[in-house]
Structure formats: C-alpha cells, structure tokens
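A.B. asks: Below is the structure I would like to discuss, written out as structure tokens.
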Amino acid sequence: MAVLHGTASYFSLVYVLIDLALAVGLLKLGFPSEKRALALWVPCALLIFWTPYGVRSAVLDWRGEQVPVTVTEVERGSRSYHGGETYHCKVEAGGDSFWVKGSDQCDQYSRPGDRFEVLRDPGDLVRVSDPDPLIGFWLLVPCVGGALVVMTVAGSHSLKRQP
C-alpha cells in the first residue's frame with residue numbers, strides 16, 4: 001500500500017496515522033448529519049485506498065522508462081485474497097537484478113530466460129510495473145483536489161450547523 005519502495009512499514013504507519021487524524025477531526029465536527037458524514041467519508045476512503053496506487057502510476061507515467069528484462073528466477077507466492085496464486089519473477093536488466101511482483105507478465109507460465117518489458121523509475125522511487133500505467137498526474141491531481149474540496153465544504157457546513 002505504501003508508495004515508496006523499500007520503506008513500506010514507515011509509510012503504512014504514517015498513512016494509518018493520517019486516517020486516525022481524519023476520524024478525530026470528524027469527532028471534533030460534532031458528528032455531522034448522515035449526508036455530510038457520507039460526503040466526508042466517501043472521498044476520504046477514495047483518498048486512502050487509491051492515492052498510493054495513483055501516485056505510483058503517475059510517477060511511472062511521468063518519468064518511467066520501458067526496460068527490457070530477462071527472467072532469471074520464478075517464485076510462487078502465497079494465494080491472494082481473490083483465490084489465485086501470485087508469482088514473483090527475479091529479472092535482470094543491464095546488470096541489475098530485481099524482483100517483479102504483481103505483474104501480468106510474470107505468471108505460472110514464466111520460465112528463466114523469458115523476456116518482457118517493464119516500466120521502471122530510474123530513481124527507484126516506486127516499484128516496477130507493467131508498461132501501461134493507468135493514472136497520470138493530469139488525472140490524479142484534479143481527483144485528489146476535488147475530493148479535498150468536497151471534504152472541506154462538507155466539513156465547513158457541519159461546523160456551521162446549529163445544535
């Protein structure tokens with residue numbers, strides 16, 4: 001769930017703390033009406049669950065490079081929540097080897113020596129992905145901004161309500 005590569009536990013903790021701060025903020029607002037609570041929680045949930053994926057995808061869209069890789073090792077992972085098995089491929093590109101996880105190109109049929117392309121951030125800010133990220137900055141920024149505006153308006157109306 002974390003955005004940055006190699007520091008997953010730290011950013012997961014920060015993300016949970018931000019979520020708790022938002023919940024405490026709702027308590028301070030005095031439990032708004034159901035409509036306002038929904039207007040606060042739906043954008044909040046979207047931000048919590050989709051922003052890490054969106055940032056990762058947007059970073060790869062902005063500065064990612066398509067890199068041809070060669071599979072050197074395939075490891076079968078545990079079953080995922082939807083029931084299928086996961087596969088992790090150790091790949092090599094330009095003398096550097098790394099693991100590709102959660103890729104459509106690394107599956108039960110992958111074998112050492114197979115070649116495919118991945119989208120990789122040259123600065124290793126985010127982990128590698130399939131070559132076609134779904135969300136760019138042009139979509140991520142307005143969606144996050146819109147969610148924050150809806151939350152701000154619903155929160156300010158909750159503050160103005162009379163007891």
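Ligands are numbered from 1 in the order shown, chains are lettered A, B, ... in the order of the structure tokens, and residues start at 1 in each chain.
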Near range 128-145 of chain A, counting only C-alpha atoms, which residues have an atom at most 12 Å away, once you skip same-chain residues fewer than 3 positions from it, shown as a PyMOL selection string?

C.D. replies: chain A and resi 3-5+43-69+89-91+97-106+116-125+148-152

A.B. asks: According to DSSP computed on the backbone, where in range 53-151 of chain A is there strand (DSSP E or B)? Give the residues as a PyMOL selection string.

C.D. replies: chain A and resi 65-79+85-93+96-101+115-120+129

A.B. asks: Suppose we keep N, CA, C and O atoms; can you now write the selection as a tab-separated table (two decimals), in the first residue's frame?

C.D. replies:
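As written to disk, out_6.tsv reads:
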chain	number	residue	atom	x	y	z
A	65	GLU	N	10.71	4.54	-17.42
A	65	GLU	CA	11.36	4.11	-18.66
A	65	GLU	C	11.01	2.65	-18.92
A	65	GLU	O	11.03	1.83	-18.00
A	66	GLN	N	10.70	2.33	-20.17
A	66	GLN	CA	10.46	0.94	-20.52
A	66	GLN	C	11.80	0.25	-20.65
A	66	GLN	O	12.67	0.69	-21.37
A	67	VAL	N	11.93	-0.84	-19.90
A	67	VAL	CA	13.20	-1.55	-19.83
A	67	VAL	C	12.96	-3.02	-20.20
A	67	VAL	O	12.10	-3.66	-19.59
A	68	PRO	N	13.72	-3.55	-21.18
A	68	PRO	CA	13.60	-4.98	-21.46
A	68	PRO	C	14.33	-5.77	-20.37
A	68	PRO	O	15.44	-5.42	-19.97
A	69	VAL	N	13.68	-6.81	-19.84
A	69	VAL	CA	14.25	-7.61	-18.77
A	69	VAL	C	14.25	-9.09	-19.16
A	69	VAL	O	13.47	-9.51	-20.02
A	70	THR	N	15.13	-9.85	-18.51
A	70	THR	CA	15.20	-11.29	-18.70
A	70	THR	C	14.93	-11.96	-17.36
A	70	THR	O	15.55	-11.61	-16.35
A	71	VAL	N	14.01	-12.90	-17.34
A	71	VAL	CA	13.67	-13.63	-16.12
A	71	VAL	C	14.83	-14.55	-15.75
A	71	VAL	O	15.31	-15.31	-16.59
A	72	THR	N	15.27	-14.47	-14.49
A	72	THR	CA	16.32	-15.37	-14.01
A	72	THR	C	15.80	-16.38	-13.00
A	72	THR	O	16.40	-17.42	-12.81
A	73	GLU	N	14.68	-16.06	-12.34
A	73	GLU	CA	14.11	-16.96	-11.34
A	73	GLU	C	12.63	-16.67	-11.18
A	73	GLU	O	12.21	-15.52	-11.25
A	74	VAL	N	11.83	-17.70	-10.98
A	74	VAL	CA	10.39	-17.55	-10.76
A	74	VAL	C	10.06	-18.18	-9.42
A	74	VAL	O	10.45	-19.31	-9.14
A	75	GLU	N	9.34	-17.44	-8.59
A	75	GLU	CA	8.95	-17.92	-7.27
A	75	GLU	C	7.44	-17.84	-7.13
A	75	GLU	O	6.84	-16.82	-7.43
A	76	ARG	N	6.86	-18.92	-6.66
A	76	ARG	CA	5.41	-18.93	-6.43
A	76	ARG	C	5.14	-18.37	-5.04
A	76	ARG	O	5.71	-18.82	-4.05
A	77	GLY	N	4.27	-17.38	-4.97
A	77	GLY	CA	3.93	-16.76	-3.70
A	77	GLY	C	2.68	-17.38	-3.10
A	77	GLY	O	2.16	-18.39	-3.58
A	78	SER	N	2.22	-16.77	-2.06
A	78	SER	CA	1.01	-17.25	-1.40
A	78	SER	C	-0.22	-16.89	-2.22
A	78	SER	O	-0.17	-16.05	-3.10
A	79	ARG	N	-1.32	-17.50	-1.86
A	79	ARG	CA	-2.59	-17.19	-2.54
A	79	ARG	C	-3.00	-15.77	-2.20
A	79	ARG	O	-2.82	-15.31	-1.09
A	85	GLU	N	-3.09	-17.84	-7.25
A	85	GLU	CA	-1.72	-17.81	-6.76
A	85	GLU	C	-1.00	-16.60	-7.33
A	85	GLU	O	-1.32	-16.14	-8.42
A	86	THR	N	-0.04	-16.12	-6.59
A	86	THR	CA	0.78	-15.00	-7.07
A	86	THR	C	2.15	-15.52	-7.47
A	86	THR	O	2.62	-16.53	-6.92
A	87	TYR	N	2.77	-14.85	-8.39
A	87	TYR	CA	4.10	-15.24	-8.85
A	87	TYR	C	5.00	-14.01	-8.83
A	87	TYR	O	4.57	-12.89	-9.13
A	88	HIS	N	6.25	-14.25	-8.47
A	88	HIS	CA	7.26	-13.20	-8.41
A	88	HIS	C	8.42	-13.64	-9.30
A	88	HIS	O	8.88	-14.77	-9.19
A	89	CYS	N	8.86	-12.74	-10.17
A	89	CYS	CA	9.96	-13.05	-11.06
A	89	CYS	C	11.18	-12.20	-10.71
A	89	CYS	O	11.06	-10.98	-10.58
A	90	LYS	N	12.30	-12.86	-10.56
A	90	LYS	CA	13.55	-12.12	-10.41
A	90	LYS	C	14.06	-11.91	-11.83
A	90	LYS	O	14.20	-12.86	-12.61
A	91	VAL	N	14.26	-10.65	-12.17
A	91	VAL	CA	14.65	-10.30	-13.54
A	91	VAL	C	15.96	-9.54	-13.53
A	91	VAL	O	16.38	-9.00	-12.50
A	92	GLU	N	16.59	-9.52	-14.68
A	92	GLU	CA	17.85	-8.80	-14.83
A	92	GLU	C	17.73	-7.84	-16.00
A	92	GLU	O	17.20	-8.18	-17.05
A	93	ALA	N	18.22	-6.62	-15.76
A	93	ALA	CA	18.22	-5.60	-16.81
A	93	ALA	C	19.49	-4.78	-16.67
A	93	ALA	O	19.71	-4.14	-15.63
A	96	ASP	N	21.66	-5.23	-13.54
A	96	ASP	CA	20.96	-5.02	-12.27
A	96	ASP	C	19.82	-6.02	-12.18
A	96	ASP	O	19.06	-6.19	-13.13
A	97	SER	N	19.70	-6.71	-11.04
A	97	SER	CA	18.59	-7.65	-10.90
A	97	SER	C	17.66	-7.17	-9.78
A	97	SER	O	18.10	-6.59	-8.80
A	98	PHE	N	16.36	-7.42	-9.98
A	98	PHE	CA	15.34	-7.02	-9.03
A	98	PHE	C	14.13	-7.92	-9.22
A	98	PHE	O	14.03	-8.64	-10.20
A	99	TRP	N	13.23	-7.89	-8.23
A	99	TRP	CA	12.03	-8.71	-8.27
A	99	TRP	C	10.87	-7.94	-8.87
A	99	TRP	O	10.68	-6.77	-8.56
A	100	VAL	N	10.10	-8.59	-9.70
A	100	VAL	CA	8.87	-8.03	-10.27
A	100	VAL	C	7.72	-8.78	-9.61
A	100	VAL	O	7.63	-10.01	-9.70
A	101	LYS	N	6.87	-8.02	-8.91
A	101	LYS	CA	5.73	-8.62	-8.21
A	101	LYS	C	4.44	-7.99	-8.72
A	101	LYS	O	4.40	-6.80	-8.99
A	115	ARG	N	11.71	-13.18	-21.78
A	115	ARG	CA	11.98	-11.74	-21.86
A	115	ARG	C	10.66	-10.99	-21.99
A	115	ARG	O	9.75	-11.44	-22.67
A	116	PHE	N	10.58	-9.83	-21.31
A	116	PHE	CA	9.45	-8.93	-21.44
A	116	PHE	C	9.90	-7.54	-21.03
A	116	PHE	O	11.05	-7.35	-20.64
A	117	GLU	N	9.02	-6.58	-21.15
A	117	GLU	CA	9.36	-5.20	-20.79
A	117	GLU	C	8.59	-4.79	-19.54
A	117	GLU	O	7.45	-5.19	-19.34
A	118	VAL	N	9.26	-3.98	-18.71
A	118	VAL	CA	8.63	-3.41	-17.54
A	118	VAL	C	8.85	-1.90	-17.58
A	118	VAL	O	9.73	-1.40	-18.27
A	119	LEU	N	8.03	-1.20	-16.84
A	119	LEU	CA	8.16	0.24	-16.69
A	119	LEU	C	8.84	0.48	-15.35
A	119	LEU	O	8.33	0.06	-14.31
A	120	ARG	N	10.00	1.12	-15.38
A	120	ARG	CA	10.81	1.27	-14.17
A	120	ARG	C	11.17	2.73	-13.98
A	120	ARG	O	11.51	3.44	-14.92
A	129	SER	N	6.43	-1.73	-12.79
A	129	SER	CA	5.06	-2.02	-13.17
A	129	SER	C	5.02	-2.53	-14.60
A	129	SER	O	6.02	-2.50	-15.31

A.B. asks: Work out how far CA of Gly94 in chain A is from CA of Tyr109 in chain A, in Å to one decimal.

C.D. replies: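 About the pair CA of Tyr109 in chain A and CA of Gly94 in chain A: they are 23.7 Å apart.
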